[in-house]
Structures are given as C-alpha cells and as structure tokens.
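This is protein-v5.pdb. It holds PDB, C-alpha atoms.
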ATOM      1  CA  MET A   5     -11.479  30.431 140.325
ATOM      2  CA  HIS A   6     -13.359  29.258 137.236
ATOM      3  CA  ARG A   7     -12.764  25.631 138.233
ATOM      4  CA  ARG A   8     -14.189  26.359 141.700
ATOM      5  CA  ILE A   9     -17.333  27.958 140.254
ATOM      6  CA  LEU A  10     -17.752  25.013 137.879
ATOM      7  CA  SER A  11     -17.436  22.603 140.812
ATOM      8  CA  LEU A  12     -20.095  24.471 142.779
ATOM      9  CA  VAL A  13     -22.473  24.386 139.803
ATOM     10  CA  LEU A  14     -21.901  20.660 139.330
ATOM     11  CA  CYS A  15     -22.549  20.063 143.030
ATOM     12  CA  ALA A  16     -25.789  22.009 142.818
ATOM     13  CA  PHE A  17     -26.979  19.896 139.888
ATOM     14  CA  ALA A  18     -25.989  16.749 141.763
ATOM     15  CA  LEU A  19     -28.052  17.809 144.765
ATOM     16  CA  MET A  20     -31.062  18.499 142.557
ATOM     17  CA  ALA A  21     -30.685  15.104 140.902
ATOM     18  CA  CYS A  22     -30.720  13.489 144.348
ATOM     19  CA  GLY A  23     -33.852  15.364 145.383
ATOM     20  CA  GLY A  24     -32.154  18.087 147.373
ATOM     21  CA  GLY A  25     -33.398  20.788 145.014
ATOM     22  CA  ASP A  26     -36.920  19.489 144.433
ATOM     23  CA  VAL A  27     -39.574  22.192 144.261
ATOM     24  CA  THR A  28     -43.027  21.024 145.243
ATOM     25  CA  THR A  29     -45.569  21.844 142.557
ATOM     26  CA  PRO A  30     -48.810  23.009 144.145
ATOM     27  CA  PRO A  31     -51.888  20.982 143.171
ATOM     28  CA  PRO A  32     -54.200  22.518 140.556
ATOM     29  CA  LEU A  33     -57.128  24.624 141.752
ATOM     30  CA  THR A  34     -60.487  24.018 140.054
ATOM     31  CA  VAL A  35     -63.445  26.370 140.448
ATOM     32  CA  PHE A  36     -66.955  25.673 139.120
ATOM     33  CA  ALA A  37     -69.170  28.766 138.916
ATOM     34  CA  ALA A  38     -72.466  30.066 137.573
ATOM     35  CA  SER A  39     -72.312  31.532 134.065
ATOM     36  CA  SER A  40     -73.334  34.982 135.278
ATOM     37  CA  LEU A  41     -70.111  35.131 137.322
ATOM     38  CA  ARG A  42     -67.785  34.733 134.338
ATOM     39  CA  ASP A  43     -66.468  38.298 134.257
ATOM     40  CA  VAL A  44     -66.233  38.983 137.977
ATOM     41  CA  LEU A  45     -64.657  35.639 138.882
ATOM     42  CA  SER A  46     -62.217  35.841 135.973
ATOM     43  CA  GLU A  47     -61.003  39.186 137.309
ATOM     44  CA  ILE A  48     -60.831  37.880 140.875
ATOM     45  CA  ALA A  49     -58.864  34.851 139.670
ATOM     46  CA  SER A  50     -56.415  37.089 137.820
ATOM     47  CA  GLU A  51     -55.840  39.203 140.923
ATOM     48  CA  TRP A  52     -55.490  36.065 143.043
ATOM     49  CA  THR A  53     -52.808  34.796 140.665
ATOM     50  CA  ARG A  54     -51.072  38.196 140.674
ATOM     51  CA  GLN A  55     -50.882  37.963 144.468
ATOM     52  CA  GLY A  56     -49.103  34.609 144.197
ATOM     53  CA  GLY A  57     -51.988  32.145 144.265
ATOM     54  CA  VAL A  58     -52.249  29.124 141.977
ATOM     55  CA  THR A  59     -53.988  30.046 138.720
ATOM     56  CA  PRO A  60     -57.509  28.620 139.046
ATOM     57  CA  GLN A  61     -59.028  26.482 136.329
ATOM     58  CA  LEU A  62     -62.440  28.096 135.898
ATOM     59  CA  ARG A  63     -65.498  26.305 134.539
ATOM     60  CA  PHE A  64     -68.691  28.294 133.949
ATOM     61  CA  GLU A  65     -72.130  26.797 133.341
ATOM     62  CA  ALA A  66     -75.620  26.859 134.793
ATOM     63  CA  SER A  67     -75.470  26.161 138.533
ATOM     64  CA  SER A  68     -77.876  23.233 138.142
ATOM     65  CA  THR A  69     -75.664  21.644 135.471
ATOM     66  CA  LEU A  70     -72.506  22.045 137.539
ATOM     67  CA  ALA A  71     -74.159  20.678 140.672
ATOM     68  CA  ARG A  72     -75.296  17.571 138.793
ATOM     69  CA  GLN A  73     -71.796  17.094 137.371
ATOM     70  CA  LEU A  74     -70.311  17.321 140.863
ATOM     71  CA  ARG A  75     -72.897  14.914 142.240
ATOM     72  CA  ASP A  76     -72.042  12.481 139.428
ATOM     73  CA  GLY A  77     -68.329  12.478 140.174
ATOM     74  CA  ALA A  78     -66.768  15.617 138.668
ATOM     75  CA  THR A  79     -64.123  17.148 140.929
ATOM     76  CA  ALA A  80     -63.703  20.785 141.914
ATOM     77  CA  ASP A  81     -62.265  22.614 144.894
ATOM     78  CA  VAL A  82     -64.738  25.501 145.019
ATOM     79  CA  PHE A  83     -68.273  25.815 143.641
ATOM     80  CA  VAL A  84     -70.077  29.156 143.382
ATOM     81  CA  SER A  85     -73.781  28.739 142.680
ATOM     82  CA  ALA A  86     -76.419  31.305 141.702
ATOM     83  CA  ALA A  87     -78.877  29.634 144.084
ATOM     84  CA  PRO A  88     -78.229  28.135 147.546
ATOM     85  CA  GLU A  89     -80.242  24.963 146.892
ATOM     86  CA  TRP A  90     -77.669  23.735 144.363
ATOM     87  CA  VAL A  91     -74.981  24.019 147.032
ATOM     88  CA  ASP A  92     -77.043  21.673 149.211
ATOM     89  CA  VAL A  93     -76.692  19.002 146.513
ATOM     90  CA  VAL A  94     -72.875  18.873 146.785
ATOM     91  CA  GLN A  95     -72.579  18.708 150.597
ATOM     92  CA  PRO A  96     -69.721  21.228 151.010
ATOM     93  CA  LEU A  97     -67.147  21.423 153.765
ATOM     94  CA  ALA A  98     -68.065  25.099 154.231
ATOM     95  CA  ARG A  99     -70.342  27.629 152.537
ATOM     96  CA  HIS A 100     -70.924  31.356 152.438
ATOM     97  CA  ASP A 101     -73.787  33.413 151.000
ATOM     98  CA  TRP A 102     -71.683  35.847 149.009
ATOM     99  CA  LEU A 103     -73.452  38.108 146.485
ATOM    100  CA  SER A 104     -76.847  39.142 145.171
ATOM    101  CA  ASN A 105     -78.121  40.552 141.876
ATOM    102  CA  THR A 106     -81.117  42.187 140.198
ATOM    103  CA  LEU A 107     -83.449  40.539 137.680
ATOM    104  CA  VAL A 108     -84.207  42.560 134.547
ATOM    105  CA  LEU A 109     -85.997  42.340 131.210
ATOM    106  CA  VAL A 110     -83.730  43.219 128.271
ATOM    107  CA  VAL A 111     -84.409  44.075 124.652
ATOM    108  CA  ARG A 112     -82.069  44.976 121.838
ATOM    109  CA  ALA A 113     -80.621  48.463 122.244
ATOM    110  CA  ASP A 114     -82.429  49.720 119.127
ATOM    111  CA  ALA A 115     -85.809  48.206 120.088
ATOM    112  CA  PRO A 116     -88.682  49.970 121.862
ATOM    113  CA  ASP A 117     -89.868  49.039 125.338
ATOM    114  CA  VAL A 118     -92.190  46.056 125.488
ATOM    115  CA  ALA A 119     -95.156  45.003 127.591
ATOM    116  CA  LEU A 120     -94.704  41.722 129.435
ATOM    117  CA  ASP A 121     -98.247  40.538 128.694
ATOM    118  CA  SER A 122     -97.974  41.043 124.920
ATOM    119  CA  LEU A 123     -94.549  39.643 124.077
ATOM    120  CA  ALA A 124     -94.260  37.834 120.753
ATOM    121  CA  SER A 125     -91.227  35.895 122.021
ATOM    122  CA  LEU A 126     -89.181  35.655 125.184
ATOM    123  CA  ALA A 127     -85.831  34.079 126.033
ATOM    124  CA  VAL A 128     -85.390  32.663 129.535
ATOM    125  CA  ALA A 129     -83.030  30.175 131.123
ATOM    126  CA  GLY A 130     -84.314  26.660 131.717
ATOM    127  CA  GLU A 131     -86.587  26.200 134.710
ATOM    128  CA  GLN A 132     -83.926  24.353 136.732
ATOM    129  CA  VAL A 133     -81.367  27.095 136.080
ATOM    130  CA  PRO A 134     -81.501  29.687 138.907
ATOM    131  CA  ALA A 135     -82.037  32.625 136.515
ATOM    132  CA  GLY A 136     -84.853  30.691 134.843
ATOM    133  CA  ALA A 137     -86.490  29.870 138.165
ATOM    134  CA  TYR A 138     -86.275  33.509 139.274
ATOM    135  CA  ALA A 139     -87.697  34.634 135.902
ATOM    136  CA  ARG A 140     -90.697  32.304 136.076
ATOM    137  CA  ALA A 141     -91.423  33.350 139.647
ATOM    138  CA  ALA A 142     -91.308  37.038 138.671
ATOM    139  CA  LEU A 143     -93.687  36.482 135.748
ATOM    140  CA  GLN A 144     -96.072  34.477 137.906
ATOM    141  CA  HIS A 145     -96.018  37.267 140.492
ATOM    142  CA  ARG A 146     -97.111  39.675 137.734
ATOM    143  CA  GLY A 147     -99.785  37.248 136.529
ATOM    144  CA  VAL A 148     -98.063  36.865 133.149
ATOM    145  CA  ALA A 149     -97.816  33.539 131.335
ATOM    146  CA  LEU A 150     -94.846  32.598 129.189
ATOM    147  CA  PRO A 151     -95.559  33.505 125.542
ATOM    148  CA  THR A 152     -96.183  30.738 123.025
ATOM    149  CA  ARG A 153     -92.735  31.312 121.567
ATOM    150  CA  THR A 154     -90.501  30.891 124.597
ATOM    151  CA  ILE A 155     -86.856  30.074 123.932
ATOM    152  CA  ASN A 156     -85.054  28.290 126.750
ATOM    153  CA  GLY A 157     -81.356  29.057 127.119
ATOM    154  CA  ALA A 158     -78.934  26.613 128.716
ATOM    155  CA  ASN A 159     -77.779  29.399 131.052
ATOM    156  CA  VAL A 160     -78.219  33.112 131.573
ATOM    157  CA  ARG A 161     -75.418  34.081 129.170
ATOM    158  CA  ALA A 162     -77.087  32.002 126.455
ATOM    159  CA  VAL A 163     -80.297  33.979 127.053
ATOM    160  CA  LEU A 164     -78.380  37.227 126.712
ATOM    161  CA  ALA A 165     -76.884  36.029 123.412
ATOM    162  CA  ILE A 166     -80.312  35.063 122.042
ATOM    163  CA  VAL A 167     -81.647  38.580 122.603
ATOM    164  CA  SER A 168     -78.427  40.239 121.447
ATOM    165  CA  GLN A 169     -78.565  38.304 118.172
ATOM    166  CA  GLY A 170     -82.244  39.061 117.578
ATOM    167  CA  GLY A 171     -83.499  35.554 118.341
ATOM    168  CA  ALA A 172     -86.163  36.780 120.772
ATOM    169  CA  GLN A 173     -88.008  40.037 121.335
ATOM    170  CA  ALA A 174     -86.889  40.155 124.964
ATOM    171  CA  GLY A 175     -85.109  38.115 127.595
ATOM    172  CA  ILE A 176     -84.851  37.898 131.360
ATOM    173  CA  VAL A 177     -81.315  38.071 132.740
ATOM    174  CA  TYR A 178     -79.391  39.583 135.642
ATOM    175  CA  ALA A 179     -78.533  43.285 135.612
ATOM    176  CA  THR A 180     -74.824  42.433 135.662
ATOM    177  CA  ASP A 181     -75.257  40.435 132.434
ATOM    178  CA  ALA A 182     -77.122  43.260 130.730
ATOM    179  CA  ALA A 183     -74.274  45.619 131.622
ATOM    180  CA  ILE A 184     -71.674  43.694 129.621
ATOM    181  CA  ASP A 185     -73.465  43.767 126.254
ATOM    182  CA  SER A 186     -73.928  47.148 124.563
ATOM    183  CA  THR A 187     -76.314  45.651 121.990
ATOM    184  CA  VAL A 188     -79.036  45.232 124.632
ATOM    185  CA  ARG A 189     -80.648  47.541 127.135
ATOM    186  CA  ILE A 190     -82.799  47.127 130.219
ATOM    187  CA  SER A 191     -86.487  47.598 129.443
ATOM    188  CA  GLN A 192     -87.681  47.039 132.996
ATOM    189  CA  THR A 193     -86.480  45.823 136.372
ATOM    190  CA  PHE A 194     -88.321  43.231 138.425
ATOM    191  CA  PRO A 195     -88.842  44.166 142.089
ATOM    192  CA  ALA A 196     -86.906  42.017 144.528
ATOM    193  CA  THR A 197     -90.253  41.082 146.128
ATOM    194  CA  SER A 198     -91.445  39.432 142.908
ATOM    195  CA  HIS A 199     -89.139  36.419 143.133
ATOM    196  CA  PRO A 200     -87.012  34.491 145.646
ATOM    197  CA  ARG A 201     -83.979  36.406 146.822
ATOM    198  CA  ILE A 202     -81.064  36.048 144.406
ATOM    199  CA  VAL A 203     -78.161  34.594 146.365
ATOM    200  CA  TYR A 204     -74.781  33.489 145.048
ATOM    201  CA  SER A 205     -73.387  30.971 147.507
ATOM    202  CA  SER A 206     -69.754  29.915 147.525
ATOM    203  CA  ALA A 207     -68.985  26.370 148.626
ATOM    204  CA  LEU A 208     -65.714  24.786 149.706
ATOM    205  CA  LEU A 209     -65.591  21.251 148.328
ATOM    206  CA  ARG A 210     -61.973  20.250 149.073
ATOM    207  CA  GLU A 211     -59.391  21.624 151.494
ATOM    208  CA  ASN A 212     -57.170  22.437 148.517
ATOM    209  CA  GLY A 213     -59.530  25.309 147.718
ATOM    210  CA  ARG A 214     -59.820  26.841 151.194
ATOM    211  CA  ALA A 215     -57.463  29.776 150.558
ATOM    212  CA  PHE A 216     -59.355  30.784 147.402
ATOM    213  CA  PHE A 217     -62.712  30.227 149.120
ATOM    214  CA  ASP A 218     -61.603  32.576 151.918
ATOM    215  CA  ALA A 219     -60.208  35.082 149.405
ATOM    216  CA  LEU A 220     -63.671  35.517 147.853
ATOM    217  CA  GLN A 221     -64.679  37.228 151.102
ATOM    218  CA  SER A 222     -61.607  39.472 151.269
ATOM    219  CA  PRO A 223     -61.906  43.270 150.828
ATOM    220  CA  TRP A 224     -60.173  43.275 147.430
ATOM    221  CA  ALA A 225     -62.496  40.556 146.037
ATOM    222  CA  ILE A 226     -65.543  42.337 147.430
ATOM    223  CA  ALA A 227     -64.379  45.574 145.756
ATOM    224  CA  ILE A 228     -64.124  43.781 142.395
ATOM    225  CA  ALA A 229     -67.613  42.314 142.827
ATOM    226  CA  ARG A 230     -69.089  45.721 143.606
ATOM    227  CA  ARG A 231     -67.373  47.225 140.569
ATOM    228  CA  HIS A 232     -69.093  44.605 138.411
ATOM    229  CA  GLY A 233     -72.479  45.650 139.791
ATOM    230  CA  PHE A 234     -73.109  42.839 142.282
ATOM    231  CA  VAL A 235     -74.647  43.469 145.684
ATOM    232  CA  VAL A 236     -72.478  42.128 148.484
ATOM    233  CA  LEU A 237     -74.406  40.258 151.172
ATOM    234  CA  PRO A 238     -73.631  41.030 154.822
TER     235      PRO A 238
END
Can you dump the structure from the file as structure tokens?
Amino acid sequence: MHRRILSLVLCAFALMACGGGDVTTPPPLTVFAASSLRDVLSEIASEWTRQGGVTPQLRFEASSTLARQLRDGATADVFVSAAPEWVDVVQPLARHDWLSNTLVLVVRADAPDVALDSLASLAVAGEQVPAGAYARAALQHRGVALPTRTINGANVRAVLAIVSQGGAQAGIVYATDAAIDSTVRISQTFPATSHPRIVYSSALLRENGRAFFDALQSPWAIAIARRHGFVVLP
C-alpha cells in the first residue's frame, strides 16, 4: 500500500515537471488613483482581494501627475482621476464618472474660524491638481485672492498635512480628507455652485483591468465609497 501511494506521488510530480500540473499565474493588476482616494480604494482593493481577485498594486498621486506619467509611458490597468479632463489625456478603452466630493476649508482643530479674505497663509494643491483647480475657482467665485503666503502642495493629502502640522493657517481640501485627520476641522464648506463639479472618473486602460474597473461600480464598492463620505454619481 505504501509503495502504491509513493508511486502515485512520484507520478504526480512527474506530471508537474512535464507541464501537466502548471498553474497559470494571473498577470499583476496596477491601479493609478488620485491621492484623495487612498483610503476608499485601499478598502475596496482589500475586499476585491478577499473575494478572490488579484491583489491590486495601488499608486496614489495627484491626478495630473499620474496622467502625465501614463502619457509618457507608465503602464497601469485602471486610472481613477479626480477630474475628467485628466482621463481624456490617457485615451481609455472605457470610462465611468464614479464619485463626487465636497470642497472645504480646514484649520487645525484647536484654531478659531478664519475669514477667507484675511488669511495670513493658505495651503492649496497646485493649480494643475484637480483639488487646486477647484480651490482657485471657489476663491475666485468669492472674489478672494490667494494670500501672499500661499503654500502649494503636490496633492490634496500634502495640503492636509501642511495644515495638520501647523505649516499654514488654513487649507482647502475635500471633505473626505478632512474626515480622516482629527487634528483638523472644517471651518467652512464651499457651495457646489462656486466651482466646477467635482467628478472622480474611472478609466479602463488595459483589458487586464476590466474586472476591477467593473467592480468599482458594484453595490459593495459603492457601499464602501458612501461609508467614506463620497457622493455616488448616478
């Protein structure tokens, strides 16, 4: 009996050595996404993996930076931008306007409210970064110029860190960013009419990412996004 079992095991190994037992390794899945999506997409990716999907390699940066990297030859399967115009740059196979957000002014949690037209310093994302473009439009709508001491962050999370660490009196970020840092609080909210509509667009860049691209629109992914404070677009 033992000899028979040993023979079967040896046969199995022989088959594997000849290719009969090869297991195809799925190709890696790469997702580029706006910095403000770090928490929500990380949770969605974890759930996707739990359901049996390939663990995505996530890269977060300003949408403008990621779009330029993709245009210059970087490879990704899915790109989620904080502004639709940066999706246009990468010429996707498919796209979907996915989420929205709210623009807010934050100060440190222990600081008093501030007036926009008398700020000593302000942190905003760069003007090509979607959050920075929305911020400048909102200020212009209010007739407020950027203060002399304006600190430009590479992305919206950098702006949040500047305010959190006391580097600026206030900063303009998304409401979902403000919610993750207990050292800051929302001083005021900008009306949606004061700036272009905030739209996170997902883009399919390679067929390898289609299942994950579709999953972003699934009920369980939408539920996660809502729990993080995002507005789901119809």
Run the PyMOL selection byres ((chain A and resi 99) around 8) against the file shown and list the residues it catches, as a CSV table (one decimal) with C-alpha atoms, in the frame of the given file.
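Dumped everything to expr-v3.csv:
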chain,number,residue,atom,x,y,z
A,96,PRO,CA,-69.7,21.2,151.0
A,97,LEU,CA,-67.1,21.4,153.8
A,98,ALA,CA,-68.1,25.1,154.2
A,100,HIS,CA,-70.9,31.4,152.4
A,101,ASP,CA,-73.8,33.4,151.0
A,205,SER,CA,-73.4,31.0,147.5
A,206,SER,CA,-69.8,29.9,147.5
A,207,ALA,CA,-69.0,26.4,148.6
A,208,LEU,CA,-65.7,24.8,149.7
Name the residues in contact with Asp117 in chain A at a cut-off of 9 Å, using only C-alpha atoms, excluding same-chain residues fewer than 5 positions from it; report them as a PyMOL selection string. chain A and resi 110-111+190-192
Evaluate the PyMOL selection byres ((chain A and resi 185) around 12) and report residues as a list in words: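 For this structure, the PyMOL selection byres ((chain A and resi 185) around 12) resolves to Asp43, Val110, Val111, Arg112, Ala113, Arg161, Val163, Leu164, Ala165, Ile166, Val167, Ser168, Gln169, Val177, Tyr178, Ala179, Thr180, Asp181, Ala182, Ala183, Ile184, Ser186, Thr187, Val188, Arg189 and Ile190 of chain A.
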Once the PyMOL selection byres ((chain A and resi 198) around 9) has been applied to the shown file, what residues remain in the selection, as number ranges by chain? A: 138, 141-146, 194-197, 199-201
Have a look at A:Leu220, A:Ala78, A:Ala71, A:Val58 and name the one nearest to Asp92 in chain A; count only C-alpha atoms.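 With only C-alpha atoms as the atom set, the closest residue is A:Ala71.
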May I ask for the distance between CA of Thr53 in chain A and CA of Phe216 in chain A, given in Å to one decimal place?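 Atom-to-atom, CA of Thr53 in chain A to CA of Phe216 in chain A, that is 10.2 Å.
The smallest atom-to-atom distance between Leu107 in chain A and any of A:Val128, A:Leu150, A:Ala80, A:Ile226, using only C-alpha atoms, is found for A:Val128.
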Tell me, as a PyMOL selection string, which residues lie within 12 Å of Ile228 in chain A, counting only C-alpha atoms; anything in the same chain fewer than 3 positions away does not count. chain A and resi 41+43-52+103+219-225+231-236
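Ranking A:Pro116, A:Pro238, A:Gly213, A:Pro134 by their shortest atom-to-atom distance to Trp90 in chain A, with all atoms listed in the file included, puts A:Pro134 first.
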Could you add the missing atoms to range 107-125 of chain A, up to N, CA, C and O atoms, and return them as a PDB file, keeping the file's coordinate frame?
ATOM      1  N   LEU A 107     -82.866  41.177 138.865  1.00  0.00           N
ATOM      2  CA  LEU A 107     -83.449  40.539 137.680  1.00  0.00           C
ATOM      3  C   LEU A 107     -84.053  41.610 136.771  1.00  0.00           C
ATOM      4  O   LEU A 107     -84.797  42.481 137.236  1.00  0.00           O
ATOM      5  N   VAL A 108     -83.737  41.529 135.477  1.00  0.00           N
ATOM      6  CA  VAL A 108     -84.207  42.560 134.547  1.00  0.00           C
ATOM      7  C   VAL A 108     -84.719  41.934 133.253  1.00  0.00           C
ATOM      8  O   VAL A 108     -84.345  40.814 132.889  1.00  0.00           O
ATOM      9  N   LEU A 109     -85.542  42.698 132.556  1.00  0.00           N
ATOM     10  CA  LEU A 109     -85.997  42.340 131.210  1.00  0.00           C
ATOM     11  C   LEU A 109     -85.183  43.161 130.227  1.00  0.00           C
ATOM     12  O   LEU A 109     -85.112  44.390 130.346  1.00  0.00           O
ATOM     13  N   VAL A 110     -84.544  42.503 129.255  1.00  0.00           N
ATOM     14  CA  VAL A 110     -83.730  43.219 128.271  1.00  0.00           C
ATOM     15  C   VAL A 110     -84.309  43.065 126.878  1.00  0.00           C
ATOM     16  O   VAL A 110     -84.957  42.063 126.552  1.00  0.00           O
ATOM     17  N   VAL A 111     -84.081  44.087 126.078  1.00  0.00           N
ATOM     18  CA  VAL A 111     -84.409  44.075 124.652  1.00  0.00           C
ATOM     19  C   VAL A 111     -83.173  44.564 123.911  1.00  0.00           C
ATOM     20  O   VAL A 111     -82.222  45.054 124.524  1.00  0.00           O
ATOM     21  N   ARG A 112     -83.190  44.427 122.597  1.00  0.00           N
ATOM     22  CA  ARG A 112     -82.069  44.976 121.838  1.00  0.00           C
ATOM     23  C   ARG A 112     -82.006  46.485 122.029  1.00  0.00           C
ATOM     24  O   ARG A 112     -83.024  47.143 122.242  1.00  0.00           O
ATOM     25  N   ALA A 113     -80.820  47.040 121.961  1.00  0.00           N
ATOM     26  CA  ALA A 113     -80.621  48.463 122.244  1.00  0.00           C
ATOM     27  C   ALA A 113     -81.433  49.361 121.321  1.00  0.00           C
ATOM     28  O   ALA A 113     -81.824  50.470 121.705  1.00  0.00           O
ATOM     29  N   ASP A 114     -81.693  48.902 120.097  1.00  0.00           N
ATOM     30  CA  ASP A 114     -82.429  49.720 119.127  1.00  0.00           C
ATOM     31  C   ASP A 114     -83.919  49.404 119.104  1.00  0.00           C
ATOM     32  O   ASP A 114     -84.656  49.889 118.235  1.00  0.00           O
ATOM     33  N   ALA A 115     -84.400  48.595 120.051  1.00  0.00           N
ATOM     34  CA  ALA A 115     -85.809  48.206 120.088  1.00  0.00           C
ATOM     35  C   ALA A 115     -86.571  49.052 121.103  1.00  0.00           C
ATOM     36  O   ALA A 115     -85.999  49.536 122.085  1.00  0.00           O
ATOM     37  N   PRO A 116     -87.875  49.216 120.890  1.00  0.00           N
ATOM     38  CA  PRO A 116     -88.682  49.970 121.862  1.00  0.00           C
ATOM     39  C   PRO A 116     -88.960  49.138 123.100  1.00  0.00           C
ATOM     40  O   PRO A 116     -88.721  47.923 123.127  1.00  0.00           O
ATOM     41  N   ASP A 117     -89.460  49.772 124.148  1.00  0.00           N
ATOM     42  CA  ASP A 117     -89.868  49.039 125.338  1.00  0.00           C
ATOM     43  C   ASP A 117     -91.025  48.100 124.990  1.00  0.00           C
ATOM     44  O   ASP A 117     -91.774  48.335 124.027  1.00  0.00           O
ATOM     45  N   VAL A 118     -91.161  47.056 125.770  1.00  0.00           N
ATOM     46  CA  VAL A 118     -92.190  46.056 125.488  1.00  0.00           C
ATOM     47  C   VAL A 118     -93.045  45.842 126.725  1.00  0.00           C
ATOM     48  O   VAL A 118     -92.624  46.112 127.857  1.00  0.00           O
ATOM     49  N   ALA A 119     -94.259  45.349 126.495  1.00  0.00           N
ATOM     50  CA  ALA A 119     -95.156  45.003 127.591  1.00  0.00           C
ATOM     51  C   ALA A 119     -95.048  43.507 127.844  1.00  0.00           C
ATOM     52  O   ALA A 119     -95.086  42.703 126.901  1.00  0.00           O
ATOM     53  N   LEU A 120     -94.888  43.129 129.094  1.00  0.00           N
ATOM     54  CA  LEU A 120     -94.704  41.722 129.435  1.00  0.00           C
ATOM     55  C   LEU A 120     -95.857  40.847 128.956  1.00  0.00           C
ATOM     56  O   LEU A 120     -95.651  39.709 128.527  1.00  0.00           O
ATOM     57  N   ASP A 121     -97.084  41.369 129.017  1.00  0.00           N
ATOM     58  CA  ASP A 121     -98.247  40.538 128.694  1.00  0.00           C
ATOM     59  C   ASP A 121     -98.557  40.483 127.207  1.00  0.00           C
ATOM     60  O   ASP A 121     -99.558  39.880 126.796  1.00  0.00           O
ATOM     61  N   SER A 122     -97.721  41.101 126.366  1.00  0.00           N
ATOM     62  CA  SER A 122     -97.974  41.043 124.920  1.00  0.00           C
ATOM     63  C   SER A 122     -96.715  40.721 124.136  1.00  0.00           C
ATOM     64  O   SER A 122     -96.577  41.127 122.976  1.00  0.00           O
ATOM     65  N   LEU A 123     -95.794  39.999 124.749  1.00  0.00           N
ATOM     66  CA  LEU A 123     -94.549  39.643 124.077  1.00  0.00           C
ATOM     67  C   LEU A 123     -94.792  38.606 122.986  1.00  0.00           C
ATOM     68  O   LEU A 123     -95.506  37.621 123.197  1.00  0.00           O
ATOM     69  N   ALA A 124     -94.183  38.823 121.831  1.00  0.00           N
ATOM     70  CA  ALA A 124     -94.260  37.834 120.753  1.00  0.00           C
ATOM     71  C   ALA A 124     -93.321  36.668 121.047  1.00  0.00           C
ATOM     72  O   ALA A 124     -93.608  35.518 120.694  1.00  0.00           O
ATOM     73  N   SER A 125     -92.195  36.941 121.687  1.00  0.00           N
ATOM     74  CA  SER A 125     -91.227  35.895 122.021  1.00  0.00           C
ATOM     75  C   SER A 125     -90.408  36.341 123.230  1.00  0.00           C
ATOM     76  O   SER A 125     -90.206  37.532 123.453  1.00  0.00           O
TER      77      SER A 125
END
